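Peer 1: Structure incoming, see below.
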Amino acid sequence: MASWKGRDILSIRDFSRGDIEVVLKYARKLAPVAEGQKSSRSLEGKVLATLFFEPSTRTRLSFHSAMIRLGGQVLGFSNVEGTSVQKGETLADTVRMVEGYADAIVLRHPHEGAAVLAAEFTERPVINAGDGAGQHPTQTLQDLYTIWDEKGKIDGQGIALVGDLKYGRTVHSLAYALAQFGVSLTLVSPPGLEMPWEIVDELKRAGTQVATTHRLDDVVATADVLYVTRIQRERFPDPQEYERVAGSYRVDLPLLREAKKDLIVMHPLPRVTEVDPAVDRTAHAKYFRQAFNAVPVRMALLEMVLGVGG
Amino acid sequence: MRELRVTPIKNGTVIDHIPAGMALKVLRILGIEEAVSSTVTVAMHVPSKASGWKDIVKVEDRELSPKEVDKIALIAPRATVNVIRNYNVAEKHVVRLPDRAVGILRCGNPNCITNLREPVETDFSVLEGEPLRVACRYCDRVLEDIAAAIV
Ligand SMILES: Nc1ncnc2c1ncn2[C@@H]1O[C@H](COP(=O)(O)OP(=O)(O)OP(=O)(O)O)[C@@H](O)[C@H]1O
Ligand SMILES: [Mg+2]
Ligand SMILES: [Zn+2]
């Protein structure tokens with residue numbers, strides 16, 4: 001990508017491997033600012049609008065933290081109650097109005113394609129913070145950053161994606177992005193919740209080694225990264241069936257006894273029962289670090305699309 | 001020998017080489033279910049030298065717009081559009097599958113932003129020609145039933 005200034009961040013699929021590497025390196029430089037150890041005024045005088053048509057505490061707060069730590073200001077809404085949206089305003093109109101008040105726009109919307117549409121109606125950079133079951137590229141970048149930061153490199157890692165791989169947009173986007181690096185992927189899901197074949201097909205065509213299994217036990221001894229996601233109760237008509245399945249995909253201390261010393265366990269959070277709290281105290285647990293990594297990654301993207309620093 | 005199963009028309013359009021069974025969809029595209037002033041003749045399940053069976057639609061006193069031709073291309077990729085003037089084929093166009101279908105398909109994803117009241121036209125990119133596969137440029141979804149999605 002020639003220039004980042006003014007660029008929309010809509011889908012991880014718009015990112016080449018080179019683009020991803022630029023963001024990761026940039027984020028690392030900003031990590032001390034994200035931690036509060038260093039201060040920065042790089043975005044002083046800049047205003048970020050965060051438009052959340054659907055609530056998402058973590059994503060919104062991490063964007064706010066990123067902007068504020070760089071000396072910028074934020075405005076926006078965290079749900080549509082009491083806004084002009086409730087009166088029936090179109091997204092196209094909302095965006096054109098907000099363009100007058102902010103230098104960049106972060107959008108979370110319940111409908112797929114919302115960010116693509118918003119970007120068509122404004123010259124300001126639009127960052128997609130989740131559009132329905134669609135894309136959430138900054139989440140994927142934060143996941144990639146976590147692997148890279150913890151492991152030193154992404155290439156060559158044995159990565160197991162665990163849980164609901166059928167409906168989980170997080171794992172779909174991550175899998176696409178990982179296909180640009182020479183990783184070996186193992187897809188671990190309950191029967192019926194496997195990764196869609198189109199995605200597996202595309203990963204293989206991109207040269208990624210892909211193995212699939214229904215058993216978590218199969219991967220624990222060899223994996224470098226366990227990326228665990230939630231299995232939703234709603235996917236199972238029978239509550240007992242849900243309990244049985246969820247139980248067999250649970251990461252706990254007995255399971256980890258077989259693991260490599262430097263295995264990292266990731267989770268996009270919130271977790272329910274997939275990762276036993278006892279795991280939190282082990283060196284494997286990286287999910288809270290992963291949540292923190294949202295901040296340096298979003299800082300990097302904000303500086304880049306607003307055309308400061310570099 | 002010329003195949004003329006119906007009375008010749010003086011002026012109008014003959015859409016030929018429609019896949020058998022698709023003629024009614026072509027009529028829908030042309031808005032012929034609604035009020036029209038011209039005569040329309042449909043021949044269904046006609047033997048075809050090129051491909052077994054075909055349908056043919058003939059509309060009198062009417063020429064098609066480029067948008068209508070694009071829509072027909074989506075369901076009848078080998079159709080020919082023959083403009084008849086004074087009983088003769090004055091022009092013959094083979095429809096061409098566009099690489100983008102703008103404003104002619106409705107997205108099958110009920111949760112797609114284009115199914116809300118937004119001031120945009122739908123926009124699909126053609127992924128593959130035969131069989132035709134198109135994906136929504138907004139939500140990325142591949143459209144399942146293309147014929148049913150034509151607006
Ligand atoms: N005056 C007319 N009235 C009604 N139909 C006509 C008239 N002239 C031609 N047609 C029909 O229009 C179509 C195209 O006519 P044309 O003479 O080009 O046939 P063709 O040589 O078989 O063409 P093709 O190679 O495209 O099949 C045929 O289905 C023909 O029956
Ligand atoms: Mg013929
Ligand atoms: Zn769509």
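We label chains A, B, ... in the order they appear in the structure tokens, count residues from 1 in each chain, and number ligands from 1 in the order shown.
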Would you give me, as an NGL selection string, the residues in chain B that DSSP reads as strand (DSSP E)?
Peer 2: :B and (12-19 or 40-48 or 52-60 or 80-85 or 88-94 or 100-102 or 123-128 or 133-136)
Peer 1: List as a short mmCIF file (atom, residue, chain, number, x, y, z; two decimals) with N, CA, C and O atoms, in the first residue's frame the protein and nucleic acid residues near region 141-148 of chain B, meaning an atom at most 12 Å away when only C-alpha atoms are counted, but skip any in the same chain fewer than 3 places from it.
Peer 2:
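Once written, result22.cif looks like this:
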```cif
data_model
loop_
_atom_site.label_atom_id
_atom_site.label_comp_id
_atom_site.auth_asym_id
_atom_site.auth_seq_id
_atom_site.Cartn_x
_atom_site.Cartn_y
_atom_site.Cartn_z
N GLU A 112 -23.88 -6.19 7.96
CA GLU A 112 -22.72 -6.46 7.12
C GLU A 112 -22.64 -5.47 5.97
O GLU A 112 -23.65 -5.18 5.33
N GLY A 113 -21.44 -4.99 5.72
CA GLY A 113 -21.23 -4.05 4.62
C GLY A 113 -21.36 -2.60 5.04
O GLY A 113 -21.14 -1.70 4.23
N ALA A 133 -21.94 -9.93 11.10
CA ALA A 133 -21.12 -11.14 11.05
C ALA A 133 -19.95 -10.97 10.10
O ALA A 133 -19.29 -11.93 9.75
N GLY A 134 -19.70 -9.73 9.69
CA GLY A 134 -18.67 -9.47 8.68
C GLY A 134 -17.27 -9.33 9.23
O GLY A 134 -16.76 -10.23 9.89
N GLN A 135 -16.65 -8.21 8.98
CA GLN A 135 -15.23 -8.02 9.24
C GLN A 135 -14.97 -7.24 10.53
O GLN A 135 -15.80 -6.44 10.95
N GLU A 198 -15.21 -23.42 1.99
CA GLU A 198 -14.64 -22.42 1.07
C GLU A 198 -13.38 -21.82 1.68
O GLU A 198 -12.43 -21.49 0.99
N GLY B 21 -36.75 -23.02 -20.20
CA GLY B 21 -37.35 -22.82 -18.87
C GLY B 21 -37.14 -21.43 -18.31
O GLY B 21 -37.74 -21.07 -17.30
N MET B 22 -36.29 -20.62 -18.95
CA MET B 22 -35.97 -19.31 -18.39
C MET B 22 -36.77 -18.17 -19.02
O MET B 22 -36.63 -17.02 -18.60
N ALA B 23 -37.65 -18.49 -19.97
CA ALA B 23 -38.36 -17.42 -20.67
C ALA B 23 -39.18 -16.55 -19.72
O ALA B 23 -39.22 -15.32 -19.86
N LEU B 24 -39.80 -17.19 -18.72
CA LEU B 24 -40.66 -16.41 -17.83
C LEU B 24 -39.82 -15.43 -16.99
O LEU B 24 -40.27 -14.33 -16.67
N LYS B 25 -38.60 -15.83 -16.70
CA LYS B 25 -37.71 -14.93 -15.97
C LYS B 25 -37.32 -13.74 -16.84
O LYS B 25 -37.23 -12.62 -16.37
N VAL B 26 -37.14 -14.01 -18.13
CA VAL B 26 -36.84 -12.91 -19.05
C VAL B 26 -38.02 -11.94 -19.10
O VAL B 26 -37.84 -10.72 -19.07
N LEU B 27 -39.23 -12.49 -19.12
CA LEU B 27 -40.41 -11.61 -19.12
C LEU B 27 -40.44 -10.74 -17.87
O LEU B 27 -40.79 -9.57 -17.93
N ARG B 28 -40.06 -11.34 -16.76
CA ARG B 28 -40.03 -10.58 -15.51
C ARG B 28 -39.04 -9.42 -15.61
O ARG B 28 -39.32 -8.31 -15.20
N ILE B 29 -37.87 -9.72 -16.16
CA ILE B 29 -36.85 -8.68 -16.32
C ILE B 29 -37.38 -7.54 -17.18
O ILE B 29 -37.13 -6.37 -16.92
N LYS B 71 -29.15 -7.64 -17.38
CA LYS B 71 -29.92 -8.55 -16.53
C LYS B 71 -30.14 -9.88 -17.23
O LYS B 71 -29.99 -10.94 -16.63
N ILE B 72 -30.50 -9.81 -18.51
CA ILE B 72 -30.73 -11.05 -19.26
C ILE B 72 -29.44 -11.88 -19.30
O ILE B 72 -29.47 -13.10 -19.14
N ALA B 73 -28.31 -11.20 -19.43
CA ALA B 73 -27.03 -11.92 -19.50
C ALA B 73 -26.80 -12.76 -18.24
O ALA B 73 -26.18 -13.81 -18.31
N LEU B 74 -27.31 -12.29 -17.10
CA LEU B 74 -27.09 -13.02 -15.86
C LEU B 74 -27.81 -14.37 -15.83
O LEU B 74 -27.35 -15.30 -15.20
N ILE B 75 -28.96 -14.46 -16.52
CA ILE B 75 -29.68 -15.73 -16.49
C ILE B 75 -29.62 -16.48 -17.81
O ILE B 75 -29.94 -17.65 -17.87
N ALA B 76 -29.21 -15.78 -18.86
CA ALA B 76 -29.15 -16.41 -20.18
C ALA B 76 -27.85 -15.97 -20.86
O ALA B 76 -27.86 -15.13 -21.76
N ALA B 101 -22.31 -6.25 -11.55
CA ALA B 101 -23.75 -6.08 -11.74
C ALA B 101 -24.21 -5.01 -10.77
O ALA B 101 -24.32 -5.26 -9.57
N ILE B 104 -28.86 -4.26 -10.24
CA ILE B 104 -29.77 -5.20 -10.88
C ILE B 104 -30.04 -6.46 -10.07
O ILE B 104 -30.85 -7.28 -10.46
N LEU B 105 -29.37 -6.60 -8.93
CA LEU B 105 -29.61 -7.77 -8.08
C LEU B 105 -29.84 -7.30 -6.65
O LEU B 105 -29.24 -6.34 -6.21
N ARG B 106 -30.70 -8.03 -5.96
CA ARG B 106 -30.89 -7.73 -4.53
C ARG B 106 -30.04 -8.72 -3.74
O ARG B 106 -30.02 -9.91 -4.06
N CYS B 107 -29.35 -8.24 -2.71
CA CYS B 107 -28.49 -9.14 -1.94
C CYS B 107 -29.34 -10.12 -1.15
O CYS B 107 -30.32 -9.74 -0.50
N GLY B 108 -28.95 -11.40 -1.19
CA GLY B 108 -29.71 -12.45 -0.51
C GLY B 108 -29.46 -12.48 0.99
O GLY B 108 -30.14 -13.22 1.71
N ASN B 109 -28.50 -11.71 1.46
CA ASN B 109 -28.21 -11.67 2.89
C ASN B 109 -29.14 -10.65 3.54
O ASN B 109 -28.98 -9.45 3.34
N PRO B 110 -30.13 -11.10 4.33
CA PRO B 110 -31.09 -10.15 4.89
C PRO B 110 -30.41 -9.12 5.80
O PRO B 110 -30.93 -8.03 6.00
N ASN B 111 -29.23 -9.46 6.30
CA ASN B 111 -28.53 -8.56 7.20
C ASN B 111 -27.55 -7.63 6.48
O ASN B 111 -26.77 -6.92 7.11
N CYS B 112 -27.61 -7.64 5.14
CA CYS B 112 -26.70 -6.78 4.37
C CYS B 112 -27.19 -5.34 4.41
O CYS B 112 -28.39 -5.07 4.32
N ILE B 113 -26.26 -4.42 4.52
CA ILE B 113 -26.59 -2.99 4.62
C ILE B 113 -27.38 -2.51 3.39
O ILE B 113 -28.19 -1.60 3.49
N THR B 114 -27.20 -3.17 2.23
CA THR B 114 -27.91 -2.74 1.03
C THR B 114 -29.39 -3.09 1.10
O THR B 114 -30.18 -2.63 0.28
N ASP B 123 -24.29 -3.85 -5.62
CA ASP B 123 -23.11 -3.96 -6.48
C ASP B 123 -22.49 -5.35 -6.26
O ASP B 123 -22.05 -5.66 -5.17
N PHE B 124 -22.54 -6.14 -7.30
CA PHE B 124 -21.99 -7.50 -7.21
C PHE B 124 -20.83 -7.66 -8.18
O PHE B 124 -20.90 -7.16 -9.31
N SER B 125 -19.79 -8.33 -7.75
CA SER B 125 -18.74 -8.65 -8.70
C SER B 125 -18.91 -10.09 -9.16
O SER B 125 -19.31 -10.96 -8.38
N VAL B 126 -18.67 -10.29 -10.43
CA VAL B 126 -18.81 -11.62 -11.01
C VAL B 126 -17.51 -12.39 -10.74
O VAL B 126 -16.43 -11.97 -11.14
N LEU B 127 -17.63 -13.49 -10.01
CA LEU B 127 -16.45 -14.28 -9.64
C LEU B 127 -16.13 -15.29 -10.72
O LEU B 127 -14.99 -15.50 -11.09
N GLU B 128 -17.18 -15.96 -11.22
CA GLU B 128 -17.02 -16.99 -12.25
C GLU B 128 -18.19 -16.90 -13.20
O GLU B 128 -19.29 -16.54 -12.81
N PRO B 131 -20.56 -22.23 -13.91
CA PRO B 131 -21.81 -21.55 -13.56
C PRO B 131 -21.53 -20.19 -12.93
O PRO B 131 -20.49 -20.01 -12.30
N LEU B 132 -22.47 -19.30 -13.12
CA LEU B 132 -22.30 -17.93 -12.67
C LEU B 132 -22.23 -17.84 -11.14
O LEU B 132 -23.07 -18.40 -10.44
N ARG B 133 -21.20 -17.15 -10.65
CA ARG B 133 -21.10 -16.90 -9.21
C ARG B 133 -20.82 -15.43 -9.00
O ARG B 133 -19.88 -14.89 -9.57
N VAL B 134 -21.66 -14.78 -8.19
CA VAL B 134 -21.45 -13.35 -7.94
C VAL B 134 -21.42 -13.12 -6.43
O VAL B 134 -22.06 -13.83 -5.67
N ALA B 135 -20.65 -12.12 -6.01
CA ALA B 135 -20.55 -11.81 -4.58
C ALA B 135 -20.84 -10.33 -4.36
O ALA B 135 -20.46 -9.47 -5.14
N CYS B 136 -21.55 -10.05 -3.27
CA CYS B 136 -21.92 -8.68 -2.92
C CYS B 136 -20.66 -7.91 -2.52
O CYS B 136 -19.88 -8.37 -1.70
N ARG B 137 -20.48 -6.74 -3.09
CA ARG B 137 -19.30 -5.94 -2.79
C ARG B 137 -19.39 -5.32 -1.38
O ARG B 137 -18.41 -4.92 -0.81
N TYR B 138 -20.59 -5.29 -0.82
CA TYR B 138 -20.74 -4.73 0.52
C TYR B 138 -20.52 -5.78 1.60
O TYR B 138 -19.74 -5.59 2.51
N VAL B 151 -33.78 -7.59 -9.69
CA VAL B 151 -34.79 -6.60 -9.26
C VAL B 151 -35.60 -6.08 -10.43
O VAL B 151 -35.13 -6.02 -11.54
#
```
Peer 1: Using backbone DSSP assignments, extract all alpha helix (DSSP H) residues from region 11-134 of chain A; output them as a ChimeraX atom specification.
Peer 2: /A:17-34,57-69,91-98,114-120
Peer 1: Neighbours of region 83-88 of chain B within 8 Å (only C-alpha atoms; same-chain residues fewer than 2 positions away dropped), as a PyMOL selection string?
Peer 2: chain B and resi 8-14+63+81+90-92
Peer 1: Can you list every residue of chain A that has an atom at most 8 Å from chain B, with its nearest atom pair and the distance in Å to one decimal, using only C-alpha atoms, ordered by chain then number, as JSON lines?
Peer 2:
```
{"residue": "A:Thr90", "atom": "CA", "partner": "B:Glu118", "partner_atom": "CA", "distance": 5.8}
{"residue": "A:Leu91", "atom": "CA", "partner": "B:Glu118", "partner_atom": "CA", "distance": 6.9}
{"residue": "A:Ala92", "atom": "CA", "partner": "B:Glu118", "partner_atom": "CA", "distance": 6.7}
{"residue": "A:His111", "atom": "CA", "partner": "B:Ile113", "partner_atom": "CA", "distance": 5.3}
{"residue": "A:Glu112", "atom": "CA", "partner": "B:Cys112", "partner_atom": "CA", "distance": 4.8}
{"residue": "A:Gly113", "atom": "CA", "partner": "B:Tyr138", "partner_atom": "CA", "distance": 4.2}
{"residue": "A:Ala114", "atom": "CA", "partner": "B:Ile113", "partner_atom": "CA", "distance": 5.5}
{"residue": "A:Val116", "atom": "CA", "partner": "B:Tyr138", "partner_atom": "CA", "distance": 5.9}
{"residue": "A:Leu117", "atom": "CA", "partner": "B:Tyr138", "partner_atom": "CA", "distance": 7.0}
{"residue": "A:Gly132", "atom": "CA", "partner": "B:Asn111", "partner_atom": "CA", "distance": 7.7}
{"residue": "A:Gly134", "atom": "CA", "partner": "B:Cys139", "partner_atom": "CA", "distance": 6.8}
```
Peer 1: Mind writing the picked residues with N, CA and C atoms as a PDB file, in the first residue's frame?
Peer 2:
```
ATOM      1  N   THR A  90     -30.421   7.661   7.737  1.00  0.00           N
ATOM      2  CA  THR A  90     -29.623   6.627   7.073  1.00  0.00           C
ATOM      3  C   THR A  90     -28.180   6.719   7.559  1.00  0.00           C
ATOM      4  N   LEU A  91     -27.465   5.626   7.415  1.00  0.00           N
ATOM      5  CA  LEU A  91     -26.043   5.614   7.760  1.00  0.00           C
ATOM      6  C   LEU A  91     -25.287   6.608   6.880  1.00  0.00           C
ATOM      7  N   ALA A  92     -25.669   6.664   5.610  1.00  0.00           N
ATOM      8  CA  ALA A  92     -25.015   7.595   4.680  1.00  0.00           C
ATOM      9  C   ALA A  92     -25.114   9.032   5.192  1.00  0.00           C
ATOM     10  N   HIS A 111     -25.032  -4.374  10.788  1.00  0.00           N
ATOM     11  CA  HIS A 111     -25.278  -4.896   9.438  1.00  0.00           C
ATOM     12  C   HIS A 111     -24.002  -5.061   8.626  1.00  0.00           C
ATOM     13  N   GLU A 112     -23.877  -6.192   7.957  1.00  0.00           N
ATOM     14  CA  GLU A 112     -22.717  -6.463   7.123  1.00  0.00           C
ATOM     15  C   GLU A 112     -22.642  -5.465   5.968  1.00  0.00           C
ATOM     16  N   GLY A 113     -21.438  -4.994   5.721  1.00  0.00           N
ATOM     17  CA  GLY A 113     -21.233  -4.054   4.615  1.00  0.00           C
ATOM     18  C   GLY A 113     -21.358  -2.596   5.036  1.00  0.00           C
ATOM     19  N   ALA A 114     -21.694  -2.350   6.305  1.00  0.00           N
ATOM     20  CA  ALA A 114     -21.915  -0.973   6.757  1.00  0.00           C
ATOM     21  C   ALA A 114     -20.662  -0.112   6.604  1.00  0.00           C
ATOM     22  N   VAL A 116     -18.132  -0.497   4.513  1.00  0.00           N
ATOM     23  CA  VAL A 116     -17.869  -0.247   3.091  1.00  0.00           C
ATOM     24  C   VAL A 116     -18.755   0.903   2.617  1.00  0.00           C
ATOM     25  N   LEU A 117     -20.023   0.858   3.009  1.00  0.00           N
ATOM     26  CA  LEU A 117     -20.949   1.908   2.619  1.00  0.00           C
ATOM     27  C   LEU A 117     -20.533   3.250   3.217  1.00  0.00           C
ATOM     28  N   GLY A 132     -21.670  -6.499  11.790  1.00  0.00           N
ATOM     29  CA  GLY A 132     -22.489  -7.707  11.873  1.00  0.00           C
ATOM     30  C   GLY A 132     -21.602  -8.936  11.927  1.00  0.00           C
ATOM     31  N   GLY A 134     -19.697  -9.728   9.690  1.00  0.00           N
ATOM     32  CA  GLY A 134     -18.674  -9.470   8.677  1.00  0.00           C
ATOM     33  C   GLY A 134     -17.271  -9.335   9.231  1.00  0.00           C
TER      34      GLY A 134
END
```
Peer 1: Mind pulling up the distance from CA of Val89 (chain B) to atom 7 (C, counted along the ligand's line) of ligand 1?
Peer 2: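 If I compute the distance from atom 7 (C, counted along the ligand's line) of ligand 1 to CA of Val89 (chain B), I get 6.3 Å.
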Peer 1: At what distance in Å, to one decimal, does CA of Glu99 (chain A) lie from CA of Gly82 (chain A)?
Peer 2: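 If I compute the distance from CA of Gly82 (chain A) to CA of Glu99 (chain A), I get 19.7 Å.
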Peer 1: So which one's closest to ligand 3, B:Gly129, B:His93, B:Thr122, B:Trp53? Using only C-alpha atoms and all ligand atoms, please.
Peer 2: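 Nearest to ligand 3: B:Thr122.
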Peer 1: Residues at most 8 Å from Ala177 (chain A), counting only C-alpha atoms, excluding those fewer than 4 positions away in the same chain, as a PDB file with C-alpha atoms, in the first residue's frame?
Peer 2:
```pdb
ATOM      1  CA  ILE A  12      -8.227  -7.747   6.757  1.00  0.00           C
ATOM      2  CA  ARG A  13      -8.390  -9.061   3.208  1.00  0.00           C
ATOM      3  CA  THR A 140      -7.282  -9.647  13.607  1.00  0.00           C
ATOM      4  CA  SER A 173     -10.456 -13.440   9.490  1.00  0.00           C
ATOM      5  CA  PHE A 181       2.491 -16.451   6.668  1.00  0.00           C
TER       6      PHE A 181
END
```
